[in-house]
>>> print(open('my_file.txt').read())   # compact mmCIF, C-alpha atoms
# COMPACT_ATOMS: atom_id res chain seq x y z
CA MET A 1 -33.88 -58.18 -54.65
CA LEU A 2 -33.43 -58.40 -50.88
CA GLY A 3 -30.78 -55.69 -50.79
CA THR A 4 -32.83 -53.25 -52.88
CA PHE A 5 -35.89 -54.06 -50.76
CA PHE A 6 -34.08 -52.92 -47.61
CA LEU A 7 -32.65 -49.84 -49.33
CA VAL A 8 -36.03 -48.68 -50.63
CA LEU A 9 -37.73 -49.54 -47.34
CA VAL A 10 -35.49 -46.94 -45.68
CA ALA A 11 -35.29 -44.43 -48.54
CA VAL A 12 -39.03 -44.31 -49.24
CA GLY A 13 -40.05 -45.01 -45.66
CA GLY A 14 -38.51 -41.81 -44.32
CA GLY A 15 -40.78 -39.61 -46.41
CA MET A 16 -43.86 -41.76 -45.84
CA VAL A 17 -43.37 -41.89 -42.07
CA ASN A 18 -42.94 -38.11 -42.07
CA ALA A 19 -46.18 -37.71 -44.00
CA ARG A 20 -48.00 -40.15 -41.72
CA PHE A 21 -47.02 -38.47 -38.44
CA GLY A 22 -46.64 -34.91 -39.68
CA GLY A 23 -44.07 -32.29 -38.83
CA ASP A 24 -40.49 -33.44 -38.91
CA ALA A 25 -40.74 -36.92 -37.39
CA VAL A 26 -37.78 -37.98 -39.54
CA PRO A 27 -35.43 -34.99 -39.97
CA ALA A 28 -34.19 -34.14 -43.45
CA ALA A 29 -30.61 -35.12 -42.65
CA ALA A 30 -31.77 -38.51 -41.35
CA ARG A 31 -33.76 -39.12 -44.53
CA VAL A 32 -30.58 -38.95 -46.62
CA VAL A 33 -28.14 -40.53 -44.17
CA ALA A 34 -30.32 -43.54 -43.33
CA PRO A 35 -30.28 -44.95 -46.90
CA ALA A 36 -26.51 -44.49 -47.00
CA LEU A 37 -26.11 -46.50 -43.80
CA MET A 38 -28.41 -49.18 -45.17
CA VAL A 39 -26.34 -49.46 -48.36
CA SER A 40 -23.22 -49.91 -46.23
CA ALA A 41 -24.93 -52.62 -44.20
CA VAL A 42 -26.17 -54.45 -47.29
CA ILE A 43 -22.72 -54.39 -48.90
CA LEU A 44 -21.27 -55.92 -45.73
CA PHE A 45 -23.84 -58.65 -45.32
CA MET A 46 -24.41 -59.71 -48.91
CA GLY A 47 -21.63 -58.22 -51.00
CA THR A 48 -19.96 -61.63 -51.26
CA VAL A 49 -23.24 -63.22 -52.34
CA SER A 50 -24.19 -61.11 -55.36
CA GLY A 51 -21.87 -58.11 -55.48
CA ALA A 52 -24.62 -56.10 -53.72
CA HIS A 53 -25.95 -54.46 -56.87
CA LEU A 54 -28.84 -52.38 -55.53
CA ASN A 55 -28.98 -50.11 -58.53
CA PRO A 56 -29.53 -50.70 -62.27
CA ALA A 57 -27.01 -47.97 -63.07
CA VAL A 58 -24.35 -49.90 -61.15
CA SER A 59 -25.12 -53.20 -62.89
CA VAL A 60 -24.95 -51.52 -66.30
CA ALA A 61 -21.71 -49.74 -65.36
CA PHE A 62 -20.04 -52.98 -64.22
CA ALA A 63 -21.07 -54.59 -67.52
CA LEU A 64 -19.76 -51.64 -69.56
CA ARG A 65 -16.52 -51.87 -67.61
CA GLY A 66 -16.19 -55.54 -68.56
CA ASP A 67 -16.43 -56.74 -64.96
CA PHE A 68 -19.92 -58.25 -65.17
CA PRO A 69 -21.57 -60.38 -67.89
CA TRP A 70 -24.26 -58.61 -69.89
CA LYS A 71 -26.38 -61.76 -69.84
CA ARG A 72 -26.92 -61.28 -66.09
CA VAL A 73 -27.88 -57.62 -66.28
CA PRO A 74 -31.61 -58.06 -67.18
CA ALA A 75 -32.24 -60.44 -64.28
CA TYR A 76 -30.38 -58.18 -61.85
CA ILE A 77 -32.37 -55.14 -62.94
CA ALA A 78 -35.63 -57.08 -62.71
CA ALA A 79 -34.74 -58.20 -59.19
CA GLN A 80 -33.89 -54.62 -58.18
CA PHE A 81 -37.25 -53.34 -59.38
CA VAL A 82 -39.12 -56.19 -57.69
CA GLY A 83 -37.38 -55.36 -54.42
CA ALA A 84 -38.26 -51.67 -54.78
CA VAL A 85 -41.91 -52.42 -55.54
CA LEU A 86 -42.26 -54.87 -52.65
CA ALA A 87 -40.78 -52.38 -50.18
CA THR A 88 -43.18 -49.67 -51.32
CA LEU A 89 -46.15 -52.03 -51.16
CA LEU A 90 -45.23 -53.01 -47.61
CA LEU A 91 -44.97 -49.37 -46.53
CA TRP A 92 -48.26 -48.58 -48.23
CA ALA A 93 -49.96 -51.49 -46.46
CA LEU A 94 -48.59 -50.57 -43.04
CA ILE A 95 -48.86 -46.78 -42.94
CA GLY A 96 -50.95 -45.86 -45.97
CA LYS A 97 -50.46 -43.90 -49.16
CA HIS A 98 -49.61 -40.25 -48.64
CA GLY A 99 -49.56 -38.43 -51.96
CA THR A 100 -46.05 -38.00 -53.30
CA ALA A 101 -44.35 -38.86 -50.00
CA GLY A 102 -41.29 -41.04 -50.55
CA LEU A 103 -40.92 -40.21 -54.24
CA THR A 104 -37.87 -38.51 -55.73
CA LEU A 105 -38.99 -35.34 -57.48
CA PRO A 106 -37.33 -32.13 -58.66
CA GLY A 107 -37.24 -29.47 -55.96
CA PRO A 108 -39.37 -26.32 -56.13
CA GLY A 109 -38.46 -24.30 -59.21
CA ILE A 110 -36.24 -27.08 -60.58
CA SER A 111 -36.96 -28.29 -64.11
CA THR A 112 -36.94 -31.95 -65.08
CA THR A 113 -33.91 -31.35 -67.30
CA THR A 114 -31.99 -29.75 -64.45
CA ALA A 115 -32.91 -32.66 -62.18
CA MET A 116 -31.68 -35.09 -64.84
CA ILE A 117 -28.31 -33.35 -65.16
CA TRP A 118 -28.05 -33.16 -61.36
CA GLU A 119 -28.67 -36.92 -61.12
CA LEU A 120 -26.10 -37.52 -63.87
CA VAL A 121 -23.42 -35.61 -61.95
CA LEU A 122 -24.21 -37.24 -58.60
CA THR A 123 -24.29 -40.72 -60.12
CA THR A 124 -20.99 -40.15 -61.89
CA GLY A 125 -19.43 -39.66 -58.47
CA LEU A 126 -21.23 -42.63 -56.92
CA VAL A 127 -20.28 -45.10 -59.65
CA SER A 128 -16.72 -43.74 -59.69
CA VAL A 129 -16.45 -44.62 -55.99
CA ILE A 130 -17.95 -48.07 -56.59
CA LEU A 131 -15.70 -48.88 -59.53
CA GLY A 132 -12.68 -47.45 -57.77
CA THR A 133 -13.08 -49.50 -54.62
CA ALA A 134 -13.55 -52.59 -56.79
CA SER A 135 -10.36 -52.06 -58.78
CA GLY A 136 -7.04 -53.83 -58.54
CA ALA A 137 -5.45 -50.59 -57.34
CA GLN A 138 -7.54 -50.48 -54.16
CA GLN A 139 -9.17 -53.90 -53.80
CA ILE A 140 -10.42 -52.95 -50.34
CA GLY A 141 -13.22 -55.52 -50.22
CA PRO A 142 -15.63 -54.97 -47.31
CA LEU A 143 -14.26 -51.46 -46.67
CA ALA A 144 -16.00 -50.45 -49.90
CA ALA A 145 -19.09 -50.17 -47.73
CA ILE A 146 -17.58 -47.17 -45.96
CA GLY A 147 -16.64 -45.37 -49.18
CA VAL A 148 -19.93 -46.01 -50.96
CA GLY A 149 -22.10 -45.26 -47.93
CA SER A 150 -20.16 -42.08 -47.18
CA TYR A 151 -20.56 -40.81 -50.73
CA ILE A 152 -24.32 -41.44 -50.72
CA ALA A 153 -24.70 -39.58 -47.42
CA LEU A 154 -22.60 -36.61 -48.51
CA ALA A 155 -24.28 -36.36 -51.92
CA GLY A 156 -27.70 -36.53 -50.31
CA LEU A 157 -26.98 -33.89 -47.68
CA TRP A 158 -26.38 -31.20 -50.28
CA GLY A 159 -27.99 -32.68 -53.41
CA ALA A 160 -31.37 -33.93 -52.17
CA PRO A 161 -33.14 -30.54 -52.24
CA VAL A 162 -32.52 -30.26 -55.98
CA SER A 163 -33.46 -33.72 -57.30
CA GLY A 164 -33.93 -36.01 -54.32
CA ALA A 165 -30.42 -37.41 -54.88
CA SER A 166 -31.77 -40.77 -56.00
CA MET A 167 -28.87 -41.92 -58.20
CA ASN A 168 -30.86 -45.13 -58.65
CA PRO A 169 -33.63 -45.83 -61.21
CA ALA A 170 -35.07 -48.68 -59.13
CA ARG A 171 -35.32 -46.51 -56.02
CA SER A 172 -37.21 -43.86 -58.03
CA LEU A 173 -39.34 -45.90 -60.43
CA GLY A 174 -40.29 -48.71 -58.02
CA PRO A 175 -42.37 -46.37 -55.84
CA GLU A 176 -43.73 -44.62 -58.92
CA LEU A 177 -45.02 -47.96 -60.24
CA VAL A 178 -46.91 -48.49 -56.99
CA LEU A 179 -48.07 -44.94 -56.40
CA THR A 180 -48.76 -44.27 -60.14
CA HIS A 181 -47.11 -40.87 -60.07
CA TRP A 182 -44.97 -40.33 -63.17
CA THR A 183 -43.88 -36.71 -62.93
CA SER A 184 -40.32 -36.28 -64.25
CA TRP A 185 -39.73 -40.05 -64.16
CA TRP A 186 -37.36 -40.05 -67.13
CA ALA A 187 -34.85 -37.82 -65.34
CA TYR A 188 -34.31 -40.62 -62.82
CA VAL A 189 -33.56 -43.14 -65.55
CA VAL A 190 -31.52 -41.11 -68.03
CA GLY A 191 -29.48 -39.23 -65.41
CA PRO A 192 -28.21 -42.20 -63.38
CA VAL A 193 -27.57 -44.48 -66.36
CA ALA A 194 -25.71 -41.74 -68.23
CA GLY A 195 -23.77 -40.86 -65.08
CA GLY A 196 -22.74 -44.47 -64.68
CA ALA A 197 -21.50 -44.54 -68.27
CA VAL A 198 -19.48 -41.35 -67.71
CA ALA A 199 -17.92 -42.93 -64.61
CA VAL A 200 -16.90 -45.96 -66.70
CA GLY A 201 -15.15 -43.58 -69.09
CA PHE A 202 -13.30 -41.93 -66.21
CA ALA A 203 -12.30 -45.34 -64.87
CA HIS A 204 -10.85 -46.26 -68.25
CA VAL A 205 -8.77 -43.06 -68.30
CA LEU A 206 -7.60 -43.45 -64.70
CA ARG A 207 -7.03 -47.20 -64.54
CA GLY A 208 -7.13 -48.56 -68.08
CA ARG A 209 -9.33 -51.37 -69.31
CA GLY A 210 -11.63 -53.26 -66.98
CA GLY A 211 -12.06 -56.99 -66.77
CA GLY A 212 -9.33 -57.51 -64.17
CA ARG A 213 -9.60 -60.28 -61.60
CA SER A 214 -10.40 -58.04 -58.62
CA GLY A 215 -12.98 -56.00 -60.51
CA ILE A 216 -14.77 -59.12 -61.73
CA ASP A 217 -14.67 -60.64 -58.24
CA ALA A 218 -16.16 -57.49 -56.71
CA ALA A 219 -18.90 -57.21 -59.33
CA MET A 220 -19.79 -60.90 -59.09
CA GLY A 221 -19.62 -61.09 -55.30
CA THR A 222 -16.60 -63.40 -55.15
CA LEU A 223 -13.93 -60.98 -53.83
CA GLY A 224 -11.89 -62.90 -51.28
CA SER A 225 -13.30 -66.31 -52.12
CA HIS A 226 -10.12 -67.41 -53.89
CA ALA A 227 -8.06 -66.79 -50.78
CA ARG A 228 -10.54 -68.80 -48.69
CA GLY A 229 -10.46 -71.63 -51.24
>>> encode(input="my_file.txt", output="structure tokens")
Amino acid sequence: MLGTFFLVLVAVGGGMVNARFGGDAVPAAARVVAPALMVSAVILFMGTVSGAHLNPAVSVAFALRGDFPWKRVPAYIAAQFVGAVLATLLLWALIGKHGTAGLTLPGPGISTTTAMIWELVLTTGLVSVILGTASGAQQIGPLAAIGVGSYIALAGLWGAPVSGASMNPARSLGPELVLTHWTSWWAYVVGPVAGGAVAVGFAHVLRGRGGGRSGIDAAMGTLGSHARG
């Protein structure tokens, strides 16, 4: 919940601050790079606590991969949505509601279906990076923050104009719950979840079955704890 709160505070806050002060107070590049840097920071400071799941698509993908127990998935997803809602409420209280500012929406001339497919493709890459850096082949631990954060920044820099480059149902639906704006909402659920499932399939082809020690440790937030013990 805390990690997703900080992520959404940055991701939604950029658009809302821009709307509040007008012009380009937060440049477009900063609005996509800032959330990536926040994800990196959260992975570093709480990855060993919970696995730093800030995204329902990631929790579902880890469970599909066999690295995370399904019984924990509902509580993780609930916590992610609570964090997203609380961040949006705080922003709303501090700087006010500004129409659709902070929401992820299809770009001008982009259909909801196109946005959904776009999110599917982007999320396939994101979850592939997450699963890859959590595998026994790499097992890079804290350095996963660099890989994951870099992917989010790069995907956002070229993908945000089309769909907002959310790749995260909690980041998209949390603000929509608060701001009661439901345009194209399903694209930001179906796309990321389906993309995560595709990434799990790729991981199976590339690295075989999941459920290995390092993958479970990364998903559960215990990577490195055995060595310390």
>>> closest_residue(input="my_file.txt", among="A:His181, A:Lys71, A:Arg65, A:Arg31", to="Gly132 (chain A)", atoms="all atoms listed in the file")
A:Arg65
>>> closest_residue(input="my_file.txt", among="A:Phe45, A:Trp92, A:Trp70, A:Phe62", to="Val12 (chain A)", atoms="all atoms listed in the file")
A:Trp92
>>> closest_atom_pairs(input="my_file.txt", of="region 75-161 of chain A", to="region 189-192 of chain A", cutoff="12 Å", atoms="all atoms listed in the file", output="JSON lines")
{"residue": "A:Thr104", "atom": "CA", "partner": "A:Val189", "partner_atom": "CA", "distance": 11.7}
{"residue": "A:Thr112", "atom": "CA", "partner": "A:Gly191", "partner_atom": "CA", "distance": 10.4}
{"residue": "A:Thr113", "atom": "CA", "partner": "A:Gly191", "partner_atom": "CA", "distance": 9.2}
{"residue": "A:Thr114", "atom": "CA", "partner": "A:Gly191", "partner_atom": "CA", "distance": 9.9}
{"residue": "A:Ala115", "atom": "CA", "partner": "A:Gly191", "partner_atom": "CA", "distance": 8.1}
{"residue": "A:Met116", "atom": "CA", "partner": "A:Gly191", "partner_atom": "CA", "distance": 4.7}
{"residue": "A:Ile117", "atom": "CA", "partner": "A:Gly191", "partner_atom": "CA", "distance": 6.0}
{"residue": "A:Trp118", "atom": "CA", "partner": "A:Gly191", "partner_atom": "CA", "distance": 7.4}
{"residue": "A:Glu119", "atom": "CA", "partner": "A:Gly191", "partner_atom": "CA", "distance": 4.9}
{"residue": "A:Leu120", "atom": "CA", "partner": "A:Gly191", "partner_atom": "CA", "distance": 4.1}
{"residue": "A:Val121", "atom": "CA", "partner": "A:Gly191", "partner_atom": "CA", "distance": 7.9}
{"residue": "A:Leu122", "atom": "CA", "partner": "A:Pro192", "partner_atom": "CA", "distance": 8.0}
{"residue": "A:Thr123", "atom": "CA", "partner": "A:Pro192", "partner_atom": "CA", "distance": 5.3}
{"residue": "A:Thr124", "atom": "CA", "partner": "A:Pro192", "partner_atom": "CA", "distance": 7.7}
{"residue": "A:Gly125", "atom": "CA", "partner": "A:Pro192", "partner_atom": "CA", "distance": 10.4}
{"residue": "A:Leu126", "atom": "CA", "partner": "A:Pro192", "partner_atom": "CA", "distance": 9.5}
{"residue": "A:Val127", "atom": "CA", "partner": "A:Pro192", "partner_atom": "CA", "distance": 9.2}
>>> write_last_selection(input="my_file.txt", atoms="C-alpha atoms", output="PDB file, in the frame of the given file")
ATOM      1  CA  THR A 104     -37.870 -38.510 -55.730  1.00  0.00           C
ATOM      2  CA  THR A 112     -36.940 -31.950 -65.080  1.00  0.00           C
ATOM      3  CA  THR A 113     -33.910 -31.350 -67.300  1.00  0.00           C
ATOM      4  CA  THR A 114     -31.990 -29.750 -64.450  1.00  0.00           C
ATOM      5  CA  ALA A 115     -32.910 -32.660 -62.180  1.00  0.00           C
ATOM      6  CA  MET A 116     -31.680 -35.090 -64.840  1.00  0.00           C
ATOM      7  CA  ILE A 117     -28.310 -33.350 -65.160  1.00  0.00           C
ATOM      8  CA  TRP A 118     -28.050 -33.160 -61.360  1.00  0.00           C
ATOM      9  CA  GLU A 119     -28.670 -36.920 -61.120  1.00  0.00           C
ATOM     10  CA  LEU A 120     -26.100 -37.520 -63.870  1.00  0.00           C
ATOM     11  CA  VAL A 121     -23.420 -35.610 -61.950  1.00  0.00           C
ATOM     12  CA  LEU A 122     -24.210 -37.240 -58.600  1.00  0.00           C
ATOM     13  CA  THR A 123     -24.290 -40.720 -60.120  1.00  0.00           C
ATOM     14  CA  THR A 124     -20.990 -40.150 -61.890  1.00  0.00           C
ATOM     15  CA  GLY A 125     -19.430 -39.660 -58.470  1.00  0.00           C
ATOM     16  CA  LEU A 126     -21.230 -42.630 -56.920  1.00  0.00           C
ATOM     17  CA  VAL A 127     -20.280 -45.100 -59.650  1.00  0.00           C
TER      18      VAL A 127
END
>>> closest_residue(input="my_file.txt", among="A:Gly109, A:Ala61, A:Tyr188, A:Ile146", to="Val162 (chain A)", atoms="only C-alpha atoms")
A:Gly109
>>> residues_around(input="my_file.txt", residues="Leu143 (chain A)", least_positions_apart="4", cutoff="10 Å", atoms="only C-alpha atoms", output="list in words")
Ser40, Ile43, Leu44, Thr133, Gln139, Gly147 and Val148 of chain A
>>> residues_around(input="my_file.txt", residues="Pro35 (chain A)", least_positions_apart="6", cutoff="6 Å", atoms="only C-alpha atoms", output="list in words")
Leu7, Val10 and Ala11 of chain A
>>> atom_distance(input="my_file.txt", atom1="CA of Ala19 (chain A)", atom2="CA of Leu91 (chain A)")
12.0 Å
>>> closest_atom_pairs(input="my_file.txt", of="region 81-113 of chain A", to="region 167-178 of chain A", cutoff="7 Å", atoms="only C-alpha atoms", output="tab-separated table")
residue	atom	partner	partner_atom	distance
A:Phe81	CA	A:Ala170	CA	5.2
A:Ala84	CA	A:Gly174	CA	4.8
A:Val85	CA	A:Gly174	CA	4.7
A:Thr88	CA	A:Pro175	CA	5.7
A:Leu89	CA	A:Val178	CA	6.9
A:Leu103	CA	A:Ser172	CA	6.4
A:Thr104	CA	A:Ser172	CA	5.9
